[in-house]
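**Q** Got a file for you: model-v6.txt, compact mmCIF, C-alpha atoms.
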```
# COMPACT_ATOMS: atom_id res chain seq x y z
CA MET A 1 0.82 -29.77 -46.85
CA LYS A 2 2.01 -26.17 -46.50
CA LYS A 3 -0.81 -25.45 -43.99
CA THR A 4 0.18 -28.52 -41.93
CA ALA A 5 3.82 -27.44 -41.84
CA THR A 6 2.84 -23.97 -40.72
CA LEU A 7 0.65 -25.37 -37.96
CA LEU A 8 3.43 -27.65 -36.74
CA ALA A 9 5.88 -24.74 -36.73
CA THR A 10 3.48 -22.61 -34.72
CA LEU A 11 2.96 -25.45 -32.25
CA ALA A 12 6.72 -25.90 -31.88
CA VAL A 13 7.20 -22.22 -31.08
CA ALA A 14 4.34 -22.29 -28.59
CA LEU A 15 5.74 -25.34 -26.84
CA SER A 16 9.22 -23.84 -26.67
CA THR A 17 7.88 -20.74 -24.89
CA GLY A 18 5.45 -22.59 -22.67
CA VAL A 19 2.50 -20.60 -24.04
CA SER A 20 -0.86 -22.33 -24.22
CA THR A 21 -2.12 -22.83 -27.77
CA GLN A 22 -5.62 -23.95 -26.76
CA ALA A 23 -8.58 -21.74 -26.01
CA ALA A 24 -9.06 -21.85 -22.25
CA GLU A 25 -12.07 -21.38 -20.01
CA LEU A 26 -10.85 -19.26 -17.10
CA ARG A 27 -12.31 -17.42 -14.08
CA MET A 28 -11.14 -14.24 -12.41
CA SER A 29 -12.26 -12.92 -9.01
CA TRP A 30 -11.85 -9.46 -7.49
CA TRP A 31 -13.48 -6.89 -5.21
CA GLY A 32 -14.25 -3.25 -5.88
CA GLY A 33 -16.93 -0.76 -6.82
CA ASP A 34 -19.04 -0.42 -9.94
CA SER A 35 -16.48 1.51 -11.99
CA ARG A 36 -13.80 -1.12 -11.28
CA HIS A 37 -16.21 -3.93 -12.13
CA ILE A 38 -17.08 -2.35 -15.48
CA ALA A 39 -13.46 -1.61 -16.41
CA THR A 40 -12.22 -5.07 -15.43
CA GLN A 41 -14.93 -6.89 -17.35
CA GLU A 42 -14.11 -4.86 -20.43
CA ALA A 43 -10.42 -5.62 -20.03
CA LEU A 44 -11.09 -9.34 -19.61
CA LYS A 45 -13.16 -9.37 -22.81
CA ILE A 46 -10.40 -7.58 -24.72
CA CYS A 47 -7.60 -9.78 -23.37
CA GLY A 48 -9.65 -12.93 -23.79
CA ASP A 49 -10.38 -12.12 -27.41
CA LYS A 50 -6.71 -11.33 -28.03
CA TYR A 51 -5.57 -14.78 -26.93
CA GLY A 52 -8.67 -16.82 -27.66
CA HIS A 53 -9.67 -17.39 -24.02
CA THR A 54 -12.98 -16.92 -22.24
CA ILE A 55 -12.77 -15.44 -18.74
CA SER A 56 -15.78 -15.54 -16.44
CA PRO A 57 -15.83 -12.59 -14.02
CA GLU A 58 -16.58 -13.03 -10.30
CA PHE A 59 -16.73 -9.76 -8.37
CA THR A 60 -17.94 -8.48 -5.00
CA GLY A 61 -17.50 -5.53 -2.69
CA PHE A 62 -14.59 -5.59 -0.26
CA ASN A 63 -16.67 -6.66 2.75
CA GLY A 64 -16.82 -10.42 2.87
CA HIS A 65 -14.32 -10.96 0.07
CA LEU A 66 -11.62 -12.32 2.39
CA GLU A 67 -14.04 -14.84 3.84
CA LYS A 68 -15.19 -15.88 0.37
CA LEU A 69 -11.65 -16.31 -0.93
CA THR A 70 -10.61 -18.21 2.20
CA THR A 71 -13.50 -20.65 1.72
CA GLN A 72 -12.72 -21.11 -1.97
CA LEU A 73 -9.02 -21.75 -1.39
CA ALA A 74 -9.78 -24.21 1.41
CA GLY A 75 -12.16 -26.09 -0.86
CA GLY A 76 -10.11 -25.86 -4.04
CA THR A 77 -12.79 -23.87 -5.87
CA GLU A 78 -10.92 -20.57 -6.32
CA ALA A 79 -10.74 -18.73 -9.64
CA ASP A 80 -7.75 -19.12 -11.97
CA ILE A 81 -6.82 -15.44 -11.53
CA MET A 82 -7.43 -13.70 -8.21
CA GLN A 83 -7.12 -10.20 -6.83
CA VAL A 84 -5.46 -10.76 -3.44
CA ASN A 85 -4.99 -8.09 -0.81
CA TRP A 86 -1.31 -7.78 0.09
CA PRO A 87 -1.69 -8.66 3.82
CA TRP A 88 -3.57 -11.81 2.80
CA LEU A 89 -0.58 -13.38 1.03
CA PRO A 90 0.87 -14.92 4.21
CA LEU A 91 -2.61 -16.19 5.11
CA PHE A 92 -2.94 -18.08 1.84
CA SER A 93 0.68 -18.91 1.05
CA LYS A 94 2.82 -18.69 4.18
CA ASN A 95 5.60 -20.82 2.71
CA GLY A 96 5.12 -19.77 -0.91
CA ASP A 97 3.29 -22.95 -1.92
CA GLY A 98 -0.33 -21.87 -1.52
CA LEU A 99 -0.50 -19.97 -4.83
CA ALA A 100 1.15 -20.40 -8.22
CA ASP A 101 4.80 -19.39 -8.63
CA LEU A 102 4.58 -16.48 -11.05
CA GLY A 103 8.35 -16.53 -11.48
CA ALA A 104 7.95 -19.86 -13.26
CA LEU A 105 5.71 -18.06 -15.77
CA SER A 106 8.20 -15.28 -16.55
CA ASP A 107 8.41 -16.41 -20.18
CA ILE A 108 4.83 -15.13 -20.47
CA ILE A 109 4.60 -12.39 -17.82
CA ASP A 110 7.11 -9.58 -18.38
CA LEU A 111 8.44 -9.22 -14.84
CA SER A 112 10.95 -6.56 -15.92
CA ASN A 113 8.13 -4.02 -15.46
CA TRP A 114 8.48 -4.32 -11.67
CA THR A 115 11.42 -3.42 -9.45
CA GLU A 116 13.17 -6.08 -7.40
CA GLU A 117 11.65 -4.55 -4.26
CA GLN A 118 8.14 -4.74 -5.71
CA LEU A 119 8.64 -8.37 -6.68
CA ALA A 120 10.02 -9.12 -3.23
CA SER A 121 6.96 -7.56 -1.62
CA GLY A 122 4.76 -10.03 -3.49
CA SER A 123 6.94 -13.02 -2.63
CA MET A 124 6.57 -15.52 0.19
CA LYS A 125 9.71 -17.45 1.16
CA GLY A 126 11.27 -16.27 -2.09
CA VAL A 127 8.37 -17.46 -4.27
CA LEU A 128 6.54 -14.81 -6.31
CA ASN A 129 2.91 -15.40 -5.41
CA GLY A 130 1.41 -11.97 -6.12
CA LEU A 131 2.17 -9.29 -8.69
CA PRO A 132 1.66 -5.77 -7.28
CA VAL A 133 -1.11 -4.13 -9.28
CA SER A 134 -0.42 -0.72 -7.76
CA THR A 135 2.04 0.50 -5.16
CA THR A 136 1.01 2.92 -2.47
CA GLY A 137 2.68 4.50 0.54
CA ARG A 138 2.41 7.13 3.22
CA VAL A 139 3.34 10.67 2.25
CA PHE A 140 3.30 14.03 4.03
CA MET A 141 0.69 16.54 2.91
CA PHE A 142 0.67 20.17 4.06
CA ASN A 143 -1.71 23.09 3.57
CA GLU A 144 0.52 25.58 1.80
CA GLY A 145 -1.88 28.45 2.54
CA SER A 146 -1.76 27.82 6.29
CA TYR A 147 2.02 27.91 6.30
CA GLU A 148 2.02 31.12 4.29
CA ALA A 149 -0.42 32.68 6.78
CA ALA A 150 1.86 31.62 9.64
CA GLY A 151 4.84 33.13 7.85
CA VAL A 152 6.89 29.92 7.71
CA ALA A 153 7.92 27.58 4.91
CA VAL A 154 6.40 24.15 4.44
CA PRO A 155 8.73 21.86 6.43
CA THR A 156 11.17 19.37 4.97
CA THR A 157 12.43 17.94 8.30
CA TRP A 158 10.91 17.17 11.68
CA GLY A 159 13.02 19.96 13.15
CA GLU A 160 11.47 22.49 10.77
CA LEU A 161 7.99 21.23 11.64
CA LEU A 162 8.62 21.66 15.36
CA ALA A 163 10.06 25.12 14.75
CA ALA A 164 6.90 26.13 12.84
CA THR A 165 4.64 25.48 15.84
CA PRO A 166 5.14 28.81 17.72
CA ALA A 167 4.41 30.77 14.54
CA PHE A 168 1.16 28.86 14.05
CA LYS A 169 0.03 29.62 17.59
CA GLU A 170 0.95 33.28 17.26
CA LYS A 171 -0.53 33.93 13.82
CA LEU A 172 -3.45 31.46 13.63
CA GLY A 173 -4.38 30.89 17.27
CA ASP A 174 -3.82 28.36 20.03
CA GLU A 175 -6.09 25.83 18.31
CA ALA A 176 -3.99 25.85 15.13
CA TYR A 177 -1.61 22.95 14.56
CA PRO A 178 0.97 22.59 11.78
CA PHE A 179 0.39 18.84 11.73
CA ASP A 180 -2.09 16.20 12.86
CA ALA A 181 -1.90 12.54 13.82
CA THR A 182 -4.36 10.28 15.63
CA THR A 183 -5.01 6.54 16.09
CA LEU A 184 -3.50 4.59 13.16
CA ASP A 185 -1.57 7.66 12.00
CA VAL A 186 0.25 7.66 15.36
CA VAL A 187 1.15 3.99 14.91
CA LEU A 188 2.64 4.70 11.51
CA LEU A 189 4.44 7.85 12.72
CA VAL A 190 6.05 6.01 15.63
CA SER A 191 6.96 3.19 13.25
CA MET A 192 8.45 5.61 10.75
CA VAL A 193 10.72 7.49 13.15
CA THR A 194 11.82 4.20 14.75
CA THR A 195 12.63 2.85 11.29
CA GLN A 196 14.49 6.07 10.46
CA ALA A 197 16.62 5.67 13.59
CA THR A 198 17.30 1.93 13.20
CA GLY A 199 17.06 1.22 9.49
CA LYS A 200 14.81 -1.74 10.36
CA ASP A 201 11.16 -2.56 9.66
CA LEU A 202 8.95 -3.59 12.57
CA VAL A 203 9.26 -7.27 11.61
CA ASP A 204 12.62 -8.97 11.10
CA PRO A 205 12.03 -11.24 8.07
CA ALA A 206 14.80 -13.64 9.14
CA THR A 207 13.37 -14.39 12.59
CA ASN A 208 9.73 -13.29 12.17
CA THR A 209 10.01 -11.34 15.41
CA VAL A 210 9.98 -7.62 16.22
CA ALA A 211 13.22 -6.14 14.93
CA TRP A 212 13.38 -3.23 17.39
CA THR A 213 14.55 -3.27 20.97
CA ALA A 214 12.31 -1.83 23.66
CA GLU A 215 14.73 1.08 24.01
CA GLU A 216 14.53 1.88 20.29
CA LEU A 217 10.74 1.74 20.23
CA ALA A 218 10.47 3.77 23.44
CA LYS A 219 12.41 6.57 21.75
CA GLY A 220 9.93 6.52 18.88
CA ILE A 221 7.03 6.72 21.33
CA ALA A 222 8.71 9.59 23.19
CA PHE A 223 9.12 11.39 19.87
CA TYR A 224 5.36 11.28 19.39
CA GLN A 225 4.82 12.60 22.91
CA ASN A 226 7.15 15.51 22.19
CA LEU A 227 4.95 16.50 19.24
CA VAL A 228 2.01 16.61 21.64
CA ASP A 229 3.89 18.44 24.39
CA THR A 230 5.08 21.17 22.02
CA GLY A 231 1.59 21.71 20.59
CA THR A 232 2.70 20.53 17.16
CA ILE A 233 -0.16 18.01 17.06
CA ARG A 234 -3.35 17.50 19.05
CA SER A 235 -3.27 15.09 21.96
CA TRP A 236 -4.96 11.71 21.53
CA GLU A 237 -7.62 12.82 24.01
CA GLY A 238 -8.11 16.14 22.24
CA ALA A 239 -8.52 14.43 18.89
CA ALA A 240 -11.04 11.95 20.36
CA ALA A 241 -13.14 14.86 21.60
CA SER A 242 -13.70 16.00 18.00
CA GLY A 243 -16.21 13.20 17.54
CA THR A 244 -14.76 11.71 14.34
CA ASP A 245 -11.57 9.93 13.29
CA ASN A 246 -11.95 11.17 9.72
CA LEU A 247 -9.67 14.16 9.36
CA TRP A 248 -11.07 15.14 5.95
CA GLU A 249 -14.51 15.64 7.52
CA MET A 250 -13.34 18.16 10.13
CA PRO A 251 -13.97 21.90 9.67
CA GLU A 252 -10.55 22.57 11.23
CA TRP A 253 -8.98 20.66 8.34
CA ALA A 254 -11.05 22.47 5.73
CA ASP A 255 -10.19 25.94 7.07
CA GLY A 256 -6.48 25.22 7.54
CA HIS A 257 -6.24 25.14 11.36
CA LEU A 258 -5.05 21.55 11.04
CA ALA A 259 -2.40 22.09 8.42
CA GLY A 260 -0.73 18.77 7.71
CA SER A 261 -1.03 15.01 7.82
CA TYR A 262 0.69 11.75 6.91
CA GLN A 263 -1.57 9.72 4.63
CA TRP A 264 -1.64 7.24 1.74
CA ASP A 265 -0.61 8.92 -1.50
CA SER A 266 -3.63 7.36 -3.19
CA THR A 267 -5.96 9.30 -0.84
CA TYR A 268 -4.60 12.73 -1.81
CA SER A 269 -7.85 13.87 -3.44
CA LYS A 270 -9.93 12.78 -0.46
CA TYR A 271 -7.91 15.11 1.77
CA ALA A 272 -7.39 17.91 -0.77
CA ASP A 273 -10.97 18.30 -1.98
CA PRO A 274 -12.56 19.50 1.31
CA ILE A 275 -10.01 22.28 1.87
CA THR A 276 -11.61 25.72 1.50
CA VAL A 277 -8.70 27.85 2.75
CA GLY A 278 -5.32 27.13 1.23
CA HIS A 279 -4.06 24.31 -0.97
CA LEU A 280 -2.77 20.84 -0.06
CA VAL A 281 0.64 19.84 -1.40
CA PRO A 282 2.51 16.53 -1.04
CA VAL A 283 6.10 16.92 0.18
CA GLY A 284 9.13 14.72 0.72
CA ILE A 285 9.41 12.46 3.75
CA LEU A 286 10.35 14.32 6.93
CA THR A 287 13.37 12.79 8.67
CA ILE A 288 14.75 12.92 12.21
CA ASP A 289 18.32 13.98 13.01
CA GLY A 290 20.71 11.08 12.45
CA ALA A 291 18.26 9.08 10.33
CA VAL A 292 19.85 6.12 8.53
CA THR A 293 16.89 5.83 6.13
CA GLU A 294 13.77 7.78 5.26
CA GLY A 295 11.69 4.91 6.56
CA VAL A 296 9.20 5.06 3.68
CA TYR A 297 6.14 2.86 4.24
CA ARG A 298 5.65 1.46 0.75
CA LYS A 299 3.54 -1.55 -0.12
CA PRO A 300 1.40 -3.09 -2.84
CA SER A 301 -2.15 -1.85 -2.51
CA MET A 302 -3.24 -5.23 -3.92
CA THR A 303 -1.82 -8.07 -5.98
CA PHE A 304 -2.91 -10.37 -8.79
CA ALA A 305 -2.28 -14.08 -8.24
CA ILE A 306 -2.85 -17.31 -10.13
CA SER A 307 -4.28 -20.43 -8.53
CA LYS A 308 -1.81 -23.27 -8.10
CA ARG A 309 -4.69 -25.53 -9.15
CA SER A 310 -5.43 -23.72 -12.40
CA LYS A 311 -5.81 -26.23 -15.23
CA ASP A 312 -4.12 -23.81 -17.64
CA PRO A 313 -1.69 -21.51 -15.78
CA GLN A 314 -0.07 -20.47 -19.08
CA ALA A 315 -3.40 -19.13 -20.37
CA ALA A 316 -3.99 -17.39 -17.03
CA ALA A 317 -0.53 -15.85 -17.30
CA GLN A 318 -1.32 -14.56 -20.80
CA VAL A 319 -4.42 -12.81 -19.48
CA LEU A 320 -2.55 -11.46 -16.46
CA ASN A 321 0.21 -10.03 -18.64
CA CYS A 322 -2.35 -8.47 -20.96
CA LEU A 323 -4.15 -6.78 -18.04
CA LEU A 324 -0.97 -5.37 -16.51
CA ASN A 325 1.56 -4.95 -19.32
CA GLU A 326 -0.12 -4.76 -22.72
CA PRO A 327 -1.67 -1.59 -24.19
CA GLU A 328 -5.13 -3.04 -24.79
CA GLY A 329 -5.58 -4.31 -21.25
CA ILE A 330 -3.95 -1.26 -19.67
CA ALA A 331 -6.25 1.17 -21.48
CA ALA A 332 -9.34 -0.79 -20.48
CA MET A 333 -8.32 -1.19 -16.82
CA SER A 334 -7.25 2.48 -16.67
CA ASP A 335 -6.59 3.74 -13.11
CA GLN A 336 -9.36 1.75 -11.41
CA ARG A 337 -6.81 0.18 -9.07
CA GLY A 338 -4.66 3.25 -8.49
CA LEU A 339 -1.42 4.24 -10.17
CA PRO A 340 -0.08 1.05 -11.78
CA SER A 341 3.09 -0.58 -10.47
CA SER A 342 3.94 -1.88 -13.92
CA LYS A 343 6.27 0.53 -15.71
CA ALA A 344 4.57 -0.26 -19.02
CA ALA A 345 1.11 0.46 -17.60
CA LEU A 346 2.13 3.73 -15.96
CA ALA A 347 3.78 4.95 -19.16
CA GLU A 348 0.74 3.99 -21.25
CA LEU A 349 -1.73 5.77 -18.93
CA GLU A 350 0.48 8.87 -18.85
CA LYS A 351 0.51 8.84 -22.65
CA LEU A 352 -3.27 8.60 -22.64
CA GLY A 353 -3.54 11.51 -20.19
CA LYS A 354 -5.25 9.43 -17.51
CA ILE A 355 -2.89 10.24 -14.59
CA ASP A 356 -3.58 13.13 -12.19
CA PRO A 357 -0.29 15.13 -12.01
CA THR A 358 -0.54 15.83 -8.26
CA LEU A 359 -1.35 12.22 -7.48
CA LYS A 360 1.64 11.22 -9.60
CA ALA A 361 3.84 13.69 -7.68
CA ALA A 362 2.74 12.15 -4.38
CA ASN A 363 3.41 8.65 -5.69
CA ASP A 364 6.83 9.72 -6.99
CA ILE A 365 7.78 10.72 -3.43
CA VAL A 366 6.73 7.30 -2.17
CA MET A 367 8.54 5.45 -4.94
CA ALA A 368 11.75 7.45 -4.49
CA GLY A 369 11.84 7.07 -0.70
CA SER A 370 14.36 4.82 1.00
CA GLY A 371 13.54 2.22 3.58
CA PRO A 372 13.51 -1.50 4.37
CA THR A 373 10.96 -3.78 2.74
CA VAL A 374 7.76 -3.65 4.77
CA SER A 375 6.45 -7.01 6.00
CA PRO A 376 2.77 -7.75 5.37
CA TYR A 377 2.59 -8.78 9.02
CA ASN A 378 2.64 -5.06 9.84
CA GLU A 379 -1.00 -5.07 8.76
CA ASP A 380 -2.14 -8.18 10.55
CA PRO A 381 -5.24 -7.04 12.49
CA GLN A 382 -3.95 -8.30 15.85
CA VAL A 383 -0.53 -6.72 15.31
CA ARG A 384 -2.16 -3.39 14.50
CA ASP A 385 -4.58 -3.61 17.42
CA THR A 386 -1.79 -4.39 19.90
CA PHE A 387 0.27 -1.45 18.67
CA GLN A 388 -2.60 1.05 18.55
CA SER A 389 -4.37 0.13 21.79
CA THR A 390 -1.12 0.20 23.74
CA LEU A 391 -0.19 3.60 22.31
CA GLU A 392 -3.62 4.85 23.35
CA GLU A 393 -2.96 3.72 26.93
CA PHE A 394 0.37 5.55 26.81
CA ALA A 395 -1.27 8.68 25.40
CA TYR A 396 -3.74 8.72 28.32
CA GLY A 397 -0.89 8.50 30.82
CA GLN A 398 -1.51 4.92 31.88
CA LEU A 399 1.91 3.64 30.73
CA SER A 400 5.42 5.00 30.39
CA ALA A 401 7.11 4.96 27.00
CA MET A 402 9.26 2.00 28.05
CA GLU A 403 6.32 0.08 29.48
CA ALA A 404 4.35 0.68 26.28
CA ALA A 405 7.29 -0.44 24.13
CA GLU A 406 7.71 -3.67 26.10
CA ILE A 407 3.98 -4.48 25.93
CA ILE A 408 3.88 -3.77 22.18
CA ILE A 409 6.92 -5.95 21.48
CA ASP A 410 5.74 -8.83 23.67
CA GLY A 411 2.23 -8.73 22.23
CA ILE A 412 3.35 -8.57 18.60
CA ASN A 413 5.94 -11.32 19.10
CA GLY A 414 3.20 -13.51 20.57
CA ARG A 415 1.06 -12.93 17.48
CA LEU A 416 3.95 -13.46 15.07
CA ALA A 417 4.66 -16.81 16.68
CA GLU A 418 1.16 -17.88 15.66
CA LEU A 419 1.57 -16.83 12.04
```
Show me, as structure tokens, the structure contained in the file I just sent.
**A**
Amino acid sequence: MKKTATLLATLAVALSTGVSTQAAELRMSWWGGDSRHIATQEALKICGDKYGHTISPEFTGFNGHLEKLTTQLAGGTEADIMQVNWPWLPLFSKNGDGLADLGALSDIIDLSNWTEEQLASGSMKGVLNGLPVSTTGRVFMFNEGSYEAAGVAVPTTWGELLAATPAFKEKLGDEAYPFDATTLDVVLLVSMVTTQATGKDLVDPATNTVAWTAEELAKGIAFYQNLVDTGTIRSWEGAAASGTDNLWEMPEWADGHLAGSYQWDSTYSKYADPITVGHLVPVGILTIDGAVTEGVYRKPSMTFAISKRSKDPQAAAQVLNCLLNEPEGIAAMSDQRGLPSSKAALAELEKLGKIDPTLKAANDIVMAGSGPTVSPYNEDPQVRDTFQSTLEEFAYGQLSAMEAAEIIIDGINGRLAEL
């Protein structure tokens, strides 16, 4: 009798919190490399054992994963828990109804571990469809040794960067540049200074159209051209002549003749490791005169989502919370998906000594930066291609800044109308 009463009491508590009391058979899908696969499978075993669930792993490399997930979602065969790339959220859940509403599972998932901005970045039409697993952003990195050799301080504003250029040419030679930007980096630089001047992201979330006027964007494009004209950065044509788009592979980067860049904080080691002369340091976001915001480009590197068709979303939520917020899952997952967005996970990994201090410093700059919420449509392939290919035409003298701005805006608006 006493055992029955206890069981009924337990069931009543479970029902009142919406937590599944039955062992569930779940699936989880993700992409990654071998180390991520091993860590995630271990974490799923630990979290499954903790709550009495069995989770079957389904993992691939990144190539082909979008196509696989698209096919599964179209056919209703997707896993209960899915790793979803941030730009894919509008593809799978444009109106917020293509994936489960994680806000409705907040009695199980501790959403207080994410900021309002982070939750908004994983929401479609106000519905939380994806929890940011890690948050990344663009940060400035400079070769401290190169600046010391040039006799100038590492810059903190665009004005200081421009002022450093003559010293670089005098002390390190005409082929020395205090900064570098090509292809996609130019797109993001133009976007950043335009955002700094306007306080607006490329995409207006209210109208789903380009938020900038042609005049505003043209000023951002002209700013880039001024960096080229003053010798602060290489020209697009000059960079193309190097034979590779990968800055970290260039000898000029390794020996400090290219002394700065604007890259994802999570790639710090990739850029720092090849340097043989000097030392790479992350610094605060450079701002233009009159900036109304720093224009930080901050986004989830990836999200975790739950299928709206899951037969046991409460059980899936238990596993998700364990992976992202509970010590056992956090320790097993470690840093295989970057610095965690969850406050609980970041604190736990710091306690365990698993966070690189310089990488954390770079991420702190990104997290502290001000700027409007970045739309995932910024990373739509056609949006990016329109922006980059038009800037390339401008860089080769085929378009004026205003002509380029008008073509970019018209092309992106045409694509946004399709989305």
**Q** So which one's closest to Ala316 of chain A, A:Ser93, A:Thr54, A:Ser261, A:Asn413? Using all atoms listed in the file, please.
**A**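 Smallest distance to Ala316 of chain A is found for A:Thr54.
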**Q** Within 6 Å of segment 112-126 of chain A, counting only C-alpha atoms, which residues show up once you throw out same-chain ones fewer than 5 positions away? Write them as a CSV table (one decimal) with C-alpha atoms, in the coordinates of the input, please.
**A**
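Generated file (part32.csv):
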```csv
chain,number,residue,atom,x,y,z
A,95,ASN,CA,5.6,-20.8,2.7
A,96,GLY,CA,5.1,-19.8,-0.9
A,131,LEU,CA,2.2,-9.3,-8.7
A,342,SER,CA,3.9,-1.9,-13.9
A,343,LYS,CA,6.3,0.5,-15.7
```
**Q** One decimal, in Å: what's the spacing between atom CA of Thr209 of chain A and atom CA of Val84 of chain A?
**A**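 Separation between atom CA of Thr209 of chain A and atom CA of Val84 of chain A: 24.4 Å.
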**Q** Please return as a list in words every residue within 6 Å of (-6.2, -18.3, -25.0), taking into account all atoms listed in the file and the file's own coordinates.
**A**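 Protein and nucleic acid residues near the point are Gln22, Ala23, Ala24, Tyr51, Gly52, His53 and Ala315 of chain A.
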**Q** Hey, which bits of segment 70-100 of chain A sit within 10 Å of segment 317-332 of chain A, and for each residue what's the closest pair of atoms and how far apart in Å (one decimal), counting all atoms listed in the file, rows by chain and increasing number, as JSON lines?
**A**
```
{"residue": "A:Asp80", "atom": "CA", "partner": "A:Ala317", "partner_atom": "CA", "distance": 9.6}
{"residue": "A:Ile81", "atom": "CA", "partner": "A:Leu320", "partner_atom": "CA", "distance": 7.6}
{"residue": "A:Met82", "atom": "CA", "partner": "A:Leu320", "partner_atom": "CA", "distance": 9.8}
```
**Q** Mind pulling up the distance from atom CA of Ser307 of chain A to atom CA of Ser106 of chain A?
**A**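 These atoms are spaced 15.7 Å apart.
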**Q** Counting all atoms listed in the file, what are the residues of segment 171-201 of chain A within 7 Å of segment 224-239 of chain A, and for each of them which pair of atoms is the nearest and at what distance in Å, to one decimal? Sort the table by chain and rising number, as CSV.
**A**
```
residue,atom,partner,partner_atom,distance
A:Tyr177,CA,A:Thr232,CA,5.6
A:Pro178,CA,A:Thr232,CA,6.0
A:Phe179,CA,A:Ile233,CA,5.4
A:Asp180,CA,A:Ile233,CA,5.0
A:Ala181,CA,A:Ile233,CA,6.6
A:Thr182,CA,A:Trp236,CA,6.1
A:Val190,CA,A:Tyr224,CA,6.5
```
**Q** So which one's closest to Ser191 of chain A, A:Glu58, A:Glu294, A:Asp410, A:Glu170? Using all atoms listed in the file, please.
**A**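 Using all atoms listed in the file, Ser191 of chain A sits closest to A:Glu294.
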**Q** Name all residues at most 9 Å from Ala167 of chain A (count only C-alpha atoms; drop same-chain ones fewer than 5 positions away) and give them as a PDB file with C-alpha atoms, in the coordinates of the input.
**A**
```pdb
ATOM      1  CA  ALA A 150       1.860  31.620   9.640  1.00  0.00           C
ATOM      2  CA  GLY A 151       4.840  33.130   7.850  1.00  0.00           C
ATOM      3  CA  VAL A 152       6.890  29.920   7.710  1.00  0.00           C
ATOM      4  CA  LEU A 172      -3.450  31.460  13.630  1.00  0.00           C
TER       5      LEU A 172
END
```
**Q** Counting only C-alpha atoms, which residue out of A:Thr244, A:Ala305, A:Ala362, A:Ala163 sits closest to Val127 of chain A?
**A**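 So, comparing all the options, the nearest one is A:Ala305.
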**Q** Considering only C-alpha atoms, can you say which of A:Leu419, A:Ala368, A:Leu73, A:Val283 comes closest to Ala153 of chain A?
**A** A:Val283
**Q** Mind rebuilding segment 339-351 of chain A with N, CA and C atoms and writing that out as a short mmCIF file (atom, residue, chain, number, x, y, z; two decimals), keeping the file's coordinate frame?
**A**
```
data_model
loop_
_atom_site.label_atom_id
_atom_site.label_comp_id
_atom_site.auth_asym_id
_atom_site.auth_seq_id
_atom_site.Cartn_x
_atom_site.Cartn_y
_atom_site.Cartn_z
N LEU A 339 -2.53 4.10 -9.24
CA LEU A 339 -1.42 4.24 -10.17
C LEU A 339 -0.73 2.89 -10.35
N PRO A 340 -0.62 2.40 -11.57
CA PRO A 340 -0.08 1.05 -11.78
C PRO A 340 1.37 0.91 -11.32
N SER A 341 1.70 -0.27 -10.81
CA SER A 341 3.09 -0.58 -10.47
C SER A 341 3.90 -0.90 -11.72
N SER A 342 3.26 -1.52 -12.68
CA SER A 342 3.94 -1.88 -13.92
C SER A 342 4.43 -0.63 -14.64
N LYS A 343 5.70 -0.62 -14.99
CA LYS A 343 6.27 0.53 -15.71
C LYS A 343 5.55 0.74 -17.05
N ALA A 344 5.25 -0.36 -17.71
CA ALA A 344 4.57 -0.26 -19.02
C ALA A 344 3.19 0.35 -18.85
N ALA A 345 2.47 -0.05 -17.81
CA ALA A 345 1.11 0.46 -17.60
C ALA A 345 1.14 1.93 -17.23
N LEU A 346 2.05 2.32 -16.36
CA LEU A 346 2.13 3.73 -15.96
C LEU A 346 2.46 4.61 -17.15
N ALA A 347 3.40 4.17 -17.98
CA ALA A 347 3.78 4.95 -19.16
C ALA A 347 2.62 5.06 -20.14
N GLU A 348 1.88 3.99 -20.31
CA GLU A 348 0.74 3.99 -21.25
C GLU A 348 -0.36 4.93 -20.76
N LEU A 349 -0.67 4.89 -19.46
CA LEU A 349 -1.73 5.77 -18.93
C LEU A 349 -1.30 7.23 -18.95
N GLU A 350 -0.02 7.48 -18.73
CA GLU A 350 0.48 8.87 -18.85
C GLU A 350 0.32 9.35 -20.29
N LYS A 351 0.64 8.49 -21.23
CA LYS A 351 0.51 8.84 -22.65
C LYS A 351 -0.94 9.14 -23.00
#
```
